[in-house]
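Visitor: My structure file structure.csv, CSV, C-alpha atoms, is below:
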chain,number,residue,atom,x,y,z
S,1,MET,CA,23.0,-8.3,-1.9
S,2,VAL,CA,21.2,-5.9,0.5
S,3,LYS,CA,17.4,-6.0,0.5
S,4,VAL,CA,14.7,-3.6,1.5
S,5,THR,CA,13.0,-4.8,4.6
S,6,GLU,CA,9.6,-3.1,4.6
S,7,LEU,CA,7.3,-0.5,3.1
S,8,GLY,CA,8.0,2.2,5.6
S,9,TYR,CA,6.1,5.4,4.7
S,10,MET,CA,4.3,7.1,1.8
S,11,GLY,CA,3.6,10.7,0.8
S,12,PHE,CA,0.4,11.8,-1.0
S,13,ASN,CA,-0.3,14.9,-3.0
S,14,VAL,CA,-3.9,16.0,-2.1
S,15,THR,CA,-6.1,18.8,-3.2
S,16,ASP,CA,-8.5,18.6,-0.2
S,17,MET,CA,-6.6,18.4,3.1
S,18,ALA,CA,-9.7,18.8,5.3
S,19,ALA,CA,-11.5,15.9,3.6
S,20,TRP,CA,-8.4,13.7,3.9
S,21,GLU,CA,-8.0,14.5,7.6
S,22,CYS,CA,-11.6,13.5,8.2
S,23,PHE,CA,-11.3,10.3,6.1
S,24,ALA,CA,-8.0,9.2,7.7
S,25,THR,CA,-9.0,9.8,11.3
S,26,GLU,CA,-12.7,9.4,11.6
S,27,ILE,CA,-13.1,6.4,9.2
S,28,VAL,CA,-9.8,4.6,9.0
S,29,GLY,CA,-8.6,5.4,12.5
S,30,MET,CA,-5.2,7.1,11.8
S,31,GLU,CA,-3.8,9.7,14.2
S,32,LEU,CA,-3.2,13.2,12.9
S,33,HIS,CA,0.2,14.3,14.1
S,34,ASP,CA,2.1,17.6,13.6
S,35,ALA,CA,-0.9,19.1,11.8
S,36,GLY,CA,0.4,22.6,11.7
S,37,GLU,CA,3.5,22.2,9.5
S,38,GLY,CA,2.6,24.5,6.7
S,39,ASP,CA,1.6,22.6,3.5
S,40,ARG,CA,1.8,19.1,5.0
S,41,LYS,CA,0.2,16.9,7.6
S,42,TYR,CA,1.6,13.7,9.2
S,43,LEU,CA,-0.5,10.7,9.9
S,44,ARG,CA,0.5,7.9,12.4
S,45,LEU,CA,-0.5,4.2,12.5
S,46,ASP,CA,1.8,3.1,15.3
S,47,ASP,CA,4.7,4.5,17.4
S,48,TRP,CA,6.6,5.9,14.4
S,49,HIS,CA,6.6,9.6,14.0
S,50,HIS,CA,4.5,9.1,10.9
S,51,ARG,CA,3.6,6.5,8.2
S,52,PHE,CA,2.0,9.0,5.8
S,53,VAL,CA,2.4,12.6,4.8
S,54,LEU,CA,-0.3,14.6,3.1
S,55,HIS,CA,1.1,17.4,0.9
S,56,LYS,CA,-1.2,20.2,-0.2
S,57,SER,CA,-1.1,20.2,-4.0
S,58,ASN,CA,-3.0,20.8,-7.2
S,59,GLU,CA,-3.0,17.0,-7.9
S,60,ASP,CA,-4.3,13.9,-6.2
S,61,ASP,CA,-1.7,11.2,-6.5
S,62,LEU,CA,1.2,9.4,-4.9
S,63,ALA,CA,4.1,11.8,-4.1
S,64,TYR,CA,6.7,9.2,-3.0
S,65,ILE,CA,7.0,5.8,-1.5
S,66,GLY,CA,9.7,4.9,1.1
S,67,TRP,CA,11.4,1.5,1.5
S,68,ARG,CA,13.5,0.7,4.6
S,69,VAL,CA,17.0,-0.8,4.9
S,70,PRO,CA,18.5,-1.8,8.3
S,71,GLY,CA,21.2,0.9,8.6
S,72,PRO,CA,23.8,3.2,7.0
S,73,ASP,CA,26.0,0.4,5.6
S,74,GLU,CA,23.0,-1.1,3.9
S,75,LEU,CA,22.1,2.3,2.5
S,76,GLU,CA,25.6,2.6,0.9
S,77,GLU,CA,25.3,-1.0,-0.4
S,78,MET,CA,21.9,-0.1,-2.0
S,79,ALA,CA,23.5,2.9,-3.6
S,80,ALA,CA,26.1,0.6,-5.1
S,81,GLN,CA,23.3,-1.8,-6.4
S,82,LEU,CA,21.5,1.1,-8.0
S,83,GLU,CA,24.7,2.3,-9.7
S,84,ALA,CA,25.4,-1.2,-11.0
S,85,ALA,CA,21.9,-1.4,-12.4
S,86,LYS,CA,22.3,2.0,-14.0
S,87,VAL,CA,19.4,3.4,-12.0
S,88,PRO,CA,19.9,7.2,-11.4
S,89,TYR,CA,19.7,8.2,-7.7
S,90,ARG,CA,21.0,10.8,-5.3
S,91,PHE,CA,21.6,11.0,-1.6
S,92,ALA,CA,19.1,13.3,0.1
S,93,SER,CA,20.2,16.5,2.0
S,94,THR,CA,20.1,16.8,5.7
S,95,ALA,CA,17.0,19.0,5.4
S,96,GLU,CA,15.3,16.4,3.3
S,97,CYS,CA,16.1,13.6,5.8
S,98,ASP,CA,14.8,15.8,8.6
S,99,GLU,CA,11.5,16.4,6.8
S,100,ARG,CA,11.1,12.6,6.4
S,101,ARG,CA,12.2,12.0,10.1
S,102,VAL,CA,15.0,9.6,9.0
S,103,LEU,CA,18.8,9.4,9.4
S,104,GLY,CA,19.6,8.7,5.8
S,105,LEU,CA,17.8,8.6,2.4
S,106,LEU,CA,18.3,7.9,-1.3
S,107,LYS,CA,16.0,9.3,-3.9
S,108,LEU,CA,15.2,7.7,-7.3
S,109,ASN,CA,12.4,6.7,-9.6
S,110,ASP,CA,11.3,3.1,-10.1
S,111,PRO,CA,10.8,1.8,-13.7
S,112,GLY,CA,7.2,3.1,-13.8
S,113,GLY,CA,8.4,6.6,-12.9
S,114,ASN,CA,7.1,6.4,-9.4
S,115,PRO,CA,9.1,8.6,-7.0
S,116,THR,CA,10.9,6.2,-4.7
S,117,GLU,CA,13.0,6.5,-1.6
S,118,VAL,CA,15.2,4.1,0.3
S,119,PHE,CA,15.9,5.1,4.0
S,120,TYR,CA,17.2,3.9,7.3
S,121,GLY,CA,16.7,5.1,10.9
S,122,PRO,CA,13.1,6.3,11.2
S,123,GLU,CA,12.1,8.4,14.2
S,124,VAL,CA,10.2,6.1,16.6
S,125,MET,CA,8.3,7.9,19.3
S,126,THR,CA,8.0,5.3,22.0
S,127,PHE,CA,7.4,8.1,24.5
S,128,ARG,CA,4.2,9.0,22.7
S,129,PRO,CA,1.6,6.2,22.5
S,130,PHE,CA,-0.4,5.9,19.3
S,131,HIS,CA,-3.7,7.6,19.7
S,132,PRO,CA,-6.2,6.6,17.0
S,133,GLY,CA,-8.5,9.2,15.5
S,134,ARG,CA,-11.5,7.2,16.4
S,135,PRO,CA,-12.0,4.5,19.1
S,136,MET,CA,-10.4,1.2,18.1
S,137,PHE,CA,-10.7,-2.3,19.4
S,138,GLY,CA,-7.2,-3.2,18.3
S,139,ARG,CA,-4.4,-1.6,16.3
S,140,PHE,CA,-3.0,-1.6,12.8
S,141,VAL,CA,-0.7,-4.5,11.6
S,142,THR,CA,2.7,-2.8,11.1
S,143,GLY,CA,6.0,-3.8,12.9
S,144,ASP,CA,8.3,-5.8,10.8
S,145,GLN,CA,5.6,-6.2,8.2
S,146,GLY,CA,5.7,-2.5,7.3
S,147,LEU,CA,2.6,-0.3,6.9
S,148,GLY,CA,0.6,-2.3,4.4
S,149,HIS,CA,0.7,-2.9,0.6
S,150,CYS,CA,-0.1,-0.9,-2.6
S,151,ILE,CA,-0.5,-1.3,-6.3
S,152,LEU,CA,1.7,1.0,-8.3
S,153,ARG,CA,1.5,2.0,-12.0
S,154,GLN,CA,4.0,0.0,-14.1
S,155,SER,CA,3.8,0.1,-17.9
S,156,ASP,CA,6.6,-2.5,-18.3
S,157,VAL,CA,6.0,-5.4,-15.9
S,158,LYS,CA,9.2,-7.2,-16.8
S,159,ALA,CA,11.3,-4.1,-16.1
S,160,ALA,CA,9.4,-3.6,-12.8
S,161,TYR,CA,9.9,-7.2,-11.8
S,162,ASP,CA,13.6,-7.0,-12.5
S,163,PHE,CA,14.0,-3.8,-10.5
S,164,TYR,CA,12.1,-5.1,-7.4
S,165,THR,CA,13.9,-8.5,-7.4
S,166,LYS,CA,17.4,-7.7,-8.7
S,167,VAL,CA,17.9,-4.3,-7.1
S,168,PHE,CA,15.5,-4.3,-4.1
S,169,GLY,CA,15.8,-8.0,-3.4
S,170,MET,CA,12.1,-8.8,-3.2
S,171,ARG,CA,10.4,-12.1,-4.1
S,172,GLY,CA,7.2,-12.8,-5.9
S,173,SER,CA,5.5,-13.4,-9.2
S,174,VAL,CA,2.0,-13.7,-10.9
S,175,GLU,CA,-0.5,-14.8,-8.2
S,176,TYR,CA,-3.8,-14.5,-10.2
S,177,LYS,CA,-4.9,-15.5,-13.7
S,178,LEU,CA,-8.3,-13.8,-14.0
S,179,ARG,CA,-10.1,-14.6,-17.2
S,180,GLN,CA,-12.2,-11.6,-18.3
S,181,PRO,CA,-15.6,-11.6,-20.3
S,182,ASP,CA,-13.7,-10.6,-23.4
S,183,GLY,CA,-11.5,-13.6,-23.2
S,184,SER,CA,-8.4,-11.7,-22.0
S,185,VAL,CA,-6.5,-12.9,-18.9
S,186,VAL,CA,-5.3,-10.4,-16.3
S,187,MET,CA,-2.2,-11.6,-14.4
S,188,PRO,CA,-1.2,-9.2,-11.6
S,189,THR,CA,2.3,-9.6,-10.0
S,190,PHE,CA,2.7,-9.4,-6.2
S,191,MET,CA,6.1,-8.8,-4.5
S,192,HIS,CA,7.0,-9.3,-0.8
S,193,CYS,CA,10.1,-8.4,1.3
S,194,ASN,CA,9.1,-9.7,4.7
S,195,ASP,CA,6.3,-11.9,6.3
S,196,ARG,CA,3.5,-9.7,4.9
S,197,GLN,CA,2.0,-11.6,2.0
S,198,HIS,CA,2.9,-8.7,-0.4
S,199,SER,CA,4.0,-5.1,0.0
S,200,VAL,CA,3.7,-4.0,-3.6
S,201,ALA,CA,1.9,-5.2,-6.7
S,202,PHE,CA,1.4,-4.1,-10.3
S,203,LEU,CA,-1.0,-5.0,-13.1
S,204,GLY,CA,0.7,-3.5,-16.2
S,205,GLY,CA,-1.0,-1.4,-18.7
S,206,PRO,CA,-2.3,2.2,-18.4
S,207,MET,CA,-3.4,3.6,-15.0
S,208,PRO,CA,-4.7,7.1,-14.5
S,209,LYS,CA,-2.6,7.7,-11.3
S,210,ARG,CA,0.7,6.4,-10.0
S,211,ILE,CA,-1.2,4.5,-7.3
S,212,ASN,CA,-4.3,2.3,-7.7
S,213,HIS,CA,-4.9,1.4,-4.1
S,214,LEU,CA,-3.3,1.2,-0.6
S,215,MET,CA,-4.2,-1.6,1.9
S,216,LEU,CA,-4.1,-1.2,5.6
S,217,GLU,CA,-4.8,-4.1,8.0
S,218,TYR,CA,-6.4,-4.1,11.4
S,219,THR,CA,-5.6,-6.6,14.2
S,220,ASP,CA,-9.3,-6.8,15.2
S,221,LEU,CA,-12.1,-7.7,12.9
S,222,ASN,CA,-14.4,-5.2,14.7
S,223,ASP,CA,-12.3,-2.3,13.5
S,224,LEU,CA,-12.8,-3.4,9.9
S,225,GLY,CA,-16.6,-3.6,10.6
S,226,VAL,CA,-16.6,-0.1,12.2
S,227,ALA,CA,-14.8,1.3,9.1
S,228,TYR,CA,-17.2,-0.5,6.7
S,229,HIS,CA,-20.2,0.8,8.6
S,230,ALA,CA,-18.8,4.4,8.6
S,231,VAL,CA,-18.2,4.2,4.8
S,232,ARG,CA,-21.7,3.0,4.2
S,233,GLN,CA,-23.2,5.5,6.6
S,234,ARG,CA,-21.5,8.4,4.9
S,235,LYS,CA,-22.4,7.0,1.4
S,236,LEU,CA,-18.8,6.9,0.2
S,237,ALA,CA,-18.1,5.1,-3.1
S,238,VAL,CA,-17.3,1.4,-2.6
S,239,GLY,CA,-15.2,0.2,-5.5
S,240,ILE,CA,-15.2,-3.4,-4.4
S,241,ASP,CA,-17.5,-4.8,-1.7
S,242,ILE,CA,-16.4,-6.9,1.2
S,243,GLY,CA,-14.9,-10.3,0.4
S,244,LYS,CA,-11.9,-12.6,1.1
S,245,HIS,CA,-8.9,-12.8,-1.2
S,246,SER,CA,-7.3,-16.1,-2.2
S,247,ASN,CA,-3.7,-14.9,-2.1
S,248,ASP,CA,-3.3,-13.2,1.3
S,249,GLN,CA,-6.7,-14.6,2.5
S,250,ALA,CA,-7.6,-11.3,4.1
S,251,VAL,CA,-11.1,-10.1,4.5
S,252,THR,CA,-11.2,-6.6,2.9
S,253,PHE,CA,-13.2,-4.0,1.0
S,254,TYR,CA,-12.1,-1.1,-1.2
S,255,CYS,CA,-13.6,2.4,-0.9
S,256,GLY,CA,-12.8,5.6,-2.7
S,257,ASN,CA,-10.8,8.1,-0.8
S,258,PRO,CA,-10.8,12.0,-1.2
S,259,SER,CA,-8.1,11.7,-3.9
S,260,GLY,CA,-10.2,9.5,-6.1
S,261,TRP,CA,-8.1,6.3,-5.8
S,262,LEU,CA,-8.9,3.3,-3.6
S,263,SER,CA,-8.2,2.6,0.1
S,264,GLU,CA,-8.4,-1.1,0.9
S,265,LEU,CA,-9.1,-1.9,4.6
S,266,GLY,CA,-8.7,-5.4,5.8
S,267,TRP,CA,-8.2,-8.0,8.5
S,268,GLY,CA,-6.8,-11.5,8.9
S,269,ALA,CA,-4.1,-11.8,6.2
S,270,ARG,CA,-1.8,-14.8,6.2
S,271,SER,CA,1.9,-14.6,6.0
S,272,ALA,CA,3.8,-14.9,2.6
S,273,PRO,CA,4.0,-18.6,1.6
S,274,SER,CA,7.4,-20.1,1.1
S,275,GLN,CA,6.6,-21.2,-2.5
S,276,GLN,CA,4.7,-19.7,-5.3
S,277,GLU,CA,1.0,-20.3,-6.1
S,278,TYR,CA,-1.6,-18.8,-8.3
S,279,TYR,CA,-5.4,-18.5,-8.2
S,280,SER,CA,-8.3,-18.0,-10.6
S,281,ALA,CA,-10.8,-16.3,-8.3
S,282,ASP,CA,-11.2,-15.0,-4.8
S,283,ILE,CA,-12.7,-17.1,-2.0
S,284,TRP,CA,-16.0,-15.1,-1.6
S,285,GLY,CA,-17.4,-11.7,-2.2
S,286,HIS,CA,-15.4,-8.8,-3.6
S,287,GLU,CA,-18.1,-7.8,-6.1
S,288,VAL,CA,-17.3,-4.7,-8.1
S,289,GLU,CA,-19.7,-2.0,-7.1
S,290,ALA,CA,-18.5,1.5,-8.2
S,291,SER,CA,-16.6,1.5,-11.5
S,292,GLY,CA,-13.9,3.9,-12.6
S,293,PHE,CA,-11.2,3.0,-10.0
S,294,GLY,CA,-9.2,0.7,-12.3
S,295,MET,CA,-10.2,-2.5,-10.4
S,296,ASP,CA,-13.1,-3.6,-12.6
S,297,LEU,CA,-11.8,-7.2,-12.8
S,298,ASP,CA,-14.0,-10.3,-13.1
S,299,MET,CA,-13.3,-12.0,-9.8
S,300,VAL,CA,-16.3,-14.4,-9.9
S,301,ALA,CA,-15.6,-17.9,-8.7
S,302,PRO,CA,-15.6,-20.5,-11.5
S,303,GLU,CA,-18.6,-22.4,-10.1
S,304,GLU,CA,-20.6,-19.1,-9.8
S,305,GLU,CA,-19.7,-18.3,-13.4
S,306,SER,CA,-20.9,-21.7,-14.6
S,307,ALA,CA,-24.2,-21.3,-12.6
S,308,ALA,CA,-24.7,-17.8,-14.1
S,309,LYS,CA,-24.2,-19.2,-17.6
S,310,THR,CA,-26.7,-22.0,-16.9
S,311,ASP,CA,-29.3,-19.6,-15.6
S,312,ALA,CA,-28.9,-17.4,-18.6
S,313,ALA,CA,-29.4,-20.4,-20.9
What is this structure when it is put down as structure tokens?

Guide:
Amino acid sequence: MVKVTELGYMGFNVTDMAAWECFATEIVGMELHDAGEGDRKYLRLDDWHHRFVLHKSNEDDLAYIGWRVPGPDELEEMAAQLEAAKVPYRFASTAECDERRVLGLLKLNDPGGNPTEVFYGPEVMTFRPFHPGRPMFGRFVTGDQGLGHCILRQSDVKAAYDFYTKVFGMRGSVEYKLRQPDGSVVMPTFMHCNDRQHSVAFLGGPMPKRINHLMLEYTDLNDLGVAYHAVRQRKLAVGIDIGKHSNDQAVTFYCGNPSGWLSELGWGARSAPSQQEYYSADIWGHEVEASGFGMDLDMVAPEEESAAKTDAA
């Protein structure tokens, strides 16, 4: 079967373009590119024409997500796989491909209703070096790992798992079992399609938006520190404070962006392991700070939880 190779680009519907431009460039470090194209703005992370598109809208949510395949033959094979799986799709028009700056494109919805695209042949502007929106010590981790990872809304985790494994050819499973104060256990599923530890994940259950968070990774720890300082200095909401994950072992923090969902910024992630593991807590940090972002999970380490219970007694 043909498999998707990376998370290539994403589009966001936004109500406040000016706030997003400021957040993306001055805090995160993206490059604003082709800013004068009517109701949309393109953002770069590397030498691609863009990795993100901001669309002026009356909502703040994911507009679409784009997954890459190697070439035209693979796009045709993916269309056949979608048809065999009885997933409705269509080939995009030339004008739609031109807007995305790709050579070919399929449009469909994943099982959670998230607008999804499969493409090949992105425009790569090697003649125009990436110019970050603020001074950076390094770059963003992209290349064959794609742009980053995200959590998407999925009401039926089994259907989502079957789609991303049997149609898109990804690998993954449950990576955390997080016991909550009420006795329930949250078990998020993480999927990967290349060396990045995961490219997409889903929790199951209701989510107010199609997207919960998007993670971007820096090559230099100093850039994460600069972003964290800028967020604190501007008093932006921090959903989850800085800490280190157990699954990808990245140092990250989560802040609210102008659309009201979370941007996770990080550094130092490991590659996807060859065999499946699961974890019951993060390594350190990641305390929930601002609620209301859909990530109010109890990530406390087991020994800390025991100590807290002892102190309370």

Visitor: Determine, counting only C-alpha atoms, every residue of protein, DNA or RNA that lies within 12 Å of (-3.7, -10.5, -17.2) in the file coordinates, then give the result as JSON, numbers by chain.

Guide: {"S": [157, 174, 175, 176, 177, 178, 179, 180, 182, 183, 184, 185, 186, 187, 188, 189, 202, 203, 204, 205, 280, 297, 298]}

Visitor: Calculated over all atoms listed in the file, which of the candidates S:Gln233, S:Thr116, S:Gln275, S:Thr15 has the smallest distance to S:Gln197?

Guide: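 When distances to S:Gln197 are compared using all atoms listed in the file, the smallest one comes from S:Gln275.
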
Visitor: Stretch 29-43 of chain S: which residues within 8 Å, counting all atoms listed in the file, same-chain residues fewer than 4 positions away excluded, as a ChimeraX atom specification?

Guide: /S:21,24-25,49-56,130-136

Visitor: Please list, as JSON, numbers by chain, the residues that have an atom at most 10 Å away from (-10.4, -3.4, -9.9) in the coordinates of this file, counting all atoms listed in the file.

Guide: {"S": [212, 213, 239, 240, 254, 262, 286, 287, 288, 289, 290, 291, 292, 293, 294, 295, 296, 297, 298, 299]}

Visitor: Excluding S:Gly71 and residues on its chain fewer than 6 positions from it, collect all residues at most 12 Å away from it, counting only C-alpha atoms, and give them as a list in words.

Guide: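 Within the cut-off, the hits are Val2, Lys3, Val4, Thr5, Glu77, Met78, Val102, Leu103, Gly104, Leu105, Val118, Phe119, Tyr120, Gly121 and Pro122 of chain S.
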
Visitor: Could you write out the selected residues, including C-alpha atoms, as a PDB file, in the frame of the given file?

Guide:
ATOM      1  CA  VAL S   2      21.200  -5.900   0.500  1.00  0.00           C
ATOM      2  CA  LYS S   3      17.400  -6.000   0.500  1.00  0.00           C
ATOM      3  CA  VAL S   4      14.700  -3.600   1.500  1.00  0.00           C
ATOM      4  CA  THR S   5      13.000  -4.800   4.600  1.00  0.00           C
ATOM      5  CA  GLU S  77      25.300  -1.000  -0.400  1.00  0.00           C
ATOM      6  CA  MET S  78      21.900  -0.100  -2.000  1.00  0.00           C
ATOM      7  CA  VAL S 102      15.000   9.600   9.000  1.00  0.00           C
ATOM      8  CA  LEU S 103      18.800   9.400   9.400  1.00  0.00           C
ATOM      9  CA  GLY S 104      19.600   8.700   5.800  1.00  0.00           C
ATOM     10  CA  LEU S 105      17.800   8.600   2.400  1.00  0.00           C
ATOM     11  CA  VAL S 118      15.200   4.100   0.300  1.00  0.00           C
ATOM     12  CA  PHE S 119      15.900   5.100   4.000  1.00  0.00           C
ATOM     13  CA  TYR S 120      17.200   3.900   7.300  1.00  0.00           C
ATOM     14  CA  GLY S 121      16.700   5.100  10.900  1.00  0.00           C
ATOM     15  CA  PRO S 122      13.100   6.300  11.200  1.00  0.00           C
TER      16      PRO S 122
END

Visitor: In Å, how far is it from atom CA of S:Val87 to atom CA of S:Gln276?

Guide: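 Between atom CA of S:Val87 and atom CA of S:Gln276 the gap is 28.2 Å.
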
Visitor: Taking all atoms listed in the file into account, name the residue in S:Val141, S:Asp220, S:Phe168, S:Cys150 that is nearest to S:Leu75.

Guide: S:Phe168

Visitor: How far is it from atom CA of S:Asp144 to atom CA of S:Thr126, in Å with one decimal?

Guide: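 About the pair atom CA of S:Asp144 and atom CA of S:Thr126: they are 15.8 Å apart.
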
Visitor: How many Å separate atom CA of S:Pro115 from atom CA of S:Met1?

Guide: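 Straight-line distance from atom CA of S:Pro115 to atom CA of S:Met1 works out to 22.5 Å.
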
Visitor: Under the rule that all atoms listed in the file are counted, which of S:Ala18, S:Val124, S:Ile27, S:Met215 is the nearest residue to S:Ala230?

Guide: S:Ile27

Visitor: Taking all atoms listed in the file into account, which of S:Trp261, S:Trp20, S:Tyr9, S:Phe137 comes nearest S:Arg210?

Guide: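 Among the listed residues, S:Trp261 lies closest to S:Arg210.
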
Visitor: For each of S:Tyr64, S:Trp48, S:Trp284, S:Phe91, take the minimum atom-to-atom distance to S:Met10, counting all atoms listed in the file, then give the residue where this is smallest.

Guide: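 Residue with the minimum atom-to-atom distance to S:Met10: S:Tyr64.
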
Visitor: Using only C-alpha atoms, which of the listed residues (S:Gly138, S:Leu214, S:Leu7, S:Leu265) sits closest to S:Met170?

Guide: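 Checking each candidate against S:Met170, we get S:Leu7 as the closest.
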